[in-house]
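**Q** Attaching a single structure in structure tokens format; questions to follow.
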Amino acid sequence: MPMIIPHSKPSLTLKDHRCLHDIFQTKMIAQHQFVRQFEKNFSTYHSLKDAVALNSGTAALHLALLALDVQQGDEVIIPSYVCTALLNAVHYTQAKPVIVDVLRTDGNICPAAVKQALTSKTKAVIVPHMFGIPADIRPIKNMGVPIIEDCAQALGSEYRDKKIGQFGTISIFSFYATKVITTGEGGMLAANNTKLINRVRDLRDYDNKPTYRVRFNYKLTDLQAKLGLNQFSRLDTFLKKRRAVAKKYDKAFLTLPVERPQIDSAKKHIDYRYIIRVEKKSALLKFLQGKGIQACSPVFRPLHACAQSSACPQTTQLMRTEISLPIYPDLTAKETRHIIQQVVQFYTKER
Ligand SMILES: Cc1ncc(COP(=O)(O)O)c(C=O)c1O
């Protein structure tokens, strides 16, 4: 059987399995005590006042925008080099997405481009920390517009010695199956502002409310939260295992003509994605796929292309060159070796 190495894989153990069994015994499988426990553990970890569990990162983005009172006629600034969840969430509110370019150094939103895009209609900026690398959030914070800090890809990373998630007006997280920790699908919203938290808590659930307004069913279940708690307790181990794989890649690719994103010293990144920048992207992807290695583009389609908005040259350049290699806690030493050998082999053939 040829070796097939998926691009992403969740780390699920017998303990995860057993915790689901425990929940079955309680018969309380919808939103209940473990959702609250998960929220508390999450806000404590981030030194934030409170958190609200939701059924996806997209739902968290949507409710973050609504909590900030974003509506038709408002503008929300988002980067081009990110998944369509951000564009969708802005569209759900009927506000106008204003798509800006990213930095060549690390693929994160460009603060100068944000500054240039600000208007009197700007209601919020969504700042994702792409691939586990903290974005330059401080200059954006100084612009005085509410920030939704999108930590979907960067749980556990740090900026200026503080956990990311503490810099925005609101921060959001995702627990989709490919993320750092998973609940299958799931998300979290966290903030220091109790009023914003209460608004989100009210909007996530439509039942038993004293007055009517449009609300949502965005709840996480206790089944998912119990798994989330288990996964969250292993976060450090997950991050260490990811780092060990990244170190092997770093060492092996040192002499190859591949570039890596640049990370400045104020940032303590996590290895959510292992990105390489190469000249022959299509050829290398095809070669690796032929060897059973599911490497891919880190972003499927840039947002300026989805929305047909103005050009984002740095994003276009990153789309042309960047490849994401498999990296996750359960990637075996044999699989890591195979990936390294095949990347090296590609360049040996090239010479
Ligand atoms: C940066 C970023 N934000 C938001 C999301 C949306 O999260 P979800 O898939 O849980 O809706 C994702 C998902 O991949 C993401 O990468």
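FYI, nothing fancy with the structure tokens labels: chains A, B, ... in order, residues from 1 per chain, ligands from 1 as they appear.
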Run DSSP on the backbone and tell me which residues of segment 109-151 of chain A come out as helix (DSSP H, G or I); list them as a PyMOL selection string.

**A** chain A and resi 111-117+130-132+137-141

**Q** Give me, as a list in words, all polymer residues having an atom no more than 6 Å from segment 29-41 of chain A, counting only C-alpha atoms and skipping those fewer than 5 positions away in the same chain.

**A**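 Residues meeting the cut-off are Ala51, Val52, Leu220, Thr221, Asp222, Leu223, Ala225, Lys226 and Leu229 of chain A.
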
**Q** Please identify all protein, DNA and RNA residues within 8 Å of ligand 1, counting only C-alpha atoms and all ligand atoms, and report them as an MDAnalysis selection string.

**A** chainID A and resid 55:61 82:86 128:130 150:153 172:176 179 185:187

**Q** Can you build me a table of segment 120-207 of chain A residues sitting at most 9 Å from segment 237-243 of chain A, with the closest atom pair per residue and its distance in Å to one decimal, using only C-alpha atoms, sorted by chain and residue number, as a tab-separated table?

**A**
residue	atom	partner	partner_atom	distance
A:Gly156	CA	A:Leu239	CA	8.0
A:Val180	CA	A:Phe238	CA	7.4
A:Ile181	CA	A:Phe238	CA	8.2

**Q** For segment 134-218 of chain A against segment 62-65 of chain A, with a cut-off of 12 Å and counting only C-alpha atoms, what is the closest atom pair and its distance in Å to one decimal for every residue that makes the cut, ordered by chain and number, as CSV?

**A**
residue,atom,partner,partner_atom,distance
A:Pro146,CA,A:Leu65,CA,9.9
A:Ile147,CA,A:Ala64,CA,9.8
A:Ile148,CA,A:Ala64,CA,7.1
A:Glu149,CA,A:Ala64,CA,9.8
A:Asp150,CA,A:Ala64,CA,10.4
A:Gly168,CA,A:Ala64,CA,11.0
A:Thr169,CA,A:Ala64,CA,9.3
A:Ile170,CA,A:Ala64,CA,6.7
A:Ser171,CA,A:Ala64,CA,8.1
A:Ile172,CA,A:Ala64,CA,7.9
A:Phe173,CA,A:Ala64,CA,11.3
A:Gly187,CA,A:Leu63,CA,11.2
A:Met188,CA,A:Ala64,CA,10.4
A:Leu189,CA,A:Ala64,CA,7.5
A:Ala190,CA,A:Ala64,CA,9.4
A:Ala191,CA,A:Ala64,CA,9.8
A:Asn193,CA,A:Ala64,CA,11.9
A:Lys195,CA,A:Ala64,CA,12.0
A:Leu196,CA,A:Ala64,CA,8.2
A:Ile197,CA,A:Ala64,CA,9.1
A:Asn198,CA,A:Leu63,CA,11.1
A:Arg199,CA,A:Leu63,CA,8.5
A:Val200,CA,A:Leu63,CA,5.9
A:Arg201,CA,A:Leu63,CA,9.2
A:Asp202,CA,A:Leu63,CA,10.0
A:Leu203,CA,A:Leu63,CA,7.3
A:Arg204,CA,A:Leu63,CA,7.8
A:Asp205,CA,A:Leu63,CA,11.4
A:Arg215,CA,A:Leu63,CA,10.0
A:Phe216,CA,A:Leu63,CA,9.3
A:Asn217,CA,A:Leu63,CA,11.3
A:Tyr218,CA,A:Leu63,CA,9.2

**Q** Filtering to C-alpha atoms, could you give me those residues as an mmCIF file, in the first residue's frame?

**A**
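Here's the written file out03.cif:
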data_model
loop_
_atom_site.group_PDB
_atom_site.id
_atom_site.type_symbol
_atom_site.label_atom_id
_atom_site.label_comp_id
_atom_site.auth_asym_id
_atom_site.auth_seq_id
_atom_site.Cartn_x
_atom_site.Cartn_y
_atom_site.Cartn_z
ATOM 1 C CA PRO A 146 -12.833 48.035 17.175
ATOM 2 C CA ILE A 147 -10.791 44.947 16.339
ATOM 3 C CA ILE A 148 -12.083 41.410 16.015
ATOM 4 C CA GLU A 149 -9.007 39.331 16.658
ATOM 5 C CA ASP A 150 -9.310 36.116 14.665
ATOM 6 C CA GLY A 168 -8.851 42.814 20.148
ATOM 7 C CA THR A 169 -12.146 44.238 21.361
ATOM 8 C CA ILE A 170 -13.410 40.703 20.810
ATOM 9 C CA SER A 171 -11.451 37.576 19.904
ATOM 10 C CA ILE A 172 -12.716 34.489 18.123
ATOM 11 C CA PHE A 173 -11.465 30.892 17.792
ATOM 12 C CA GLY A 187 -15.932 28.001 18.001
ATOM 13 C CA MET A 188 -15.419 30.400 20.886
ATOM 14 C CA LEU A 189 -15.741 34.137 21.342
ATOM 15 C CA ALA A 190 -13.929 35.867 24.195
ATOM 16 C CA ALA A 191 -13.755 39.434 25.501
ATOM 17 C CA ASN A 193 -16.306 43.593 27.926
ATOM 18 C CA LYS A 195 -21.830 43.981 27.737
ATOM 19 C CA LEU A 196 -20.492 42.514 24.485
ATOM 20 C CA ILE A 197 -20.346 39.022 26.006
ATOM 21 C CA ASN A 198 -23.954 39.310 27.205
ATOM 22 C CA ARG A 199 -25.103 40.408 23.741
ATOM 23 C CA VAL A 200 -23.437 37.379 22.168
ATOM 24 C CA ARG A 201 -24.818 35.026 24.826
ATOM 25 C CA ASP A 202 -28.291 36.375 24.102
ATOM 26 C CA LEU A 203 -27.939 36.035 20.321
ATOM 27 C CA ARG A 204 -26.594 32.460 20.265
ATOM 28 C CA ASP A 205 -29.844 30.926 21.524
ATOM 29 C CA ARG A 215 -31.657 35.309 17.213
ATOM 30 C CA PHE A 216 -29.692 32.228 16.181
ATOM 31 C CA ASN A 217 -29.103 28.614 17.040
ATOM 32 C CA TYR A 218 -25.314 28.821 17.276
#

**Q** Closest to Leu318 of chain A among A:Thr93, A:Thr105, A:Ser47, A:Thr336, using only C-alpha atoms?

**A**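 Nearest candidate to Leu318 of chain A out of A:Thr93, A:Thr105, A:Ser47, A:Thr336: A:Thr105.
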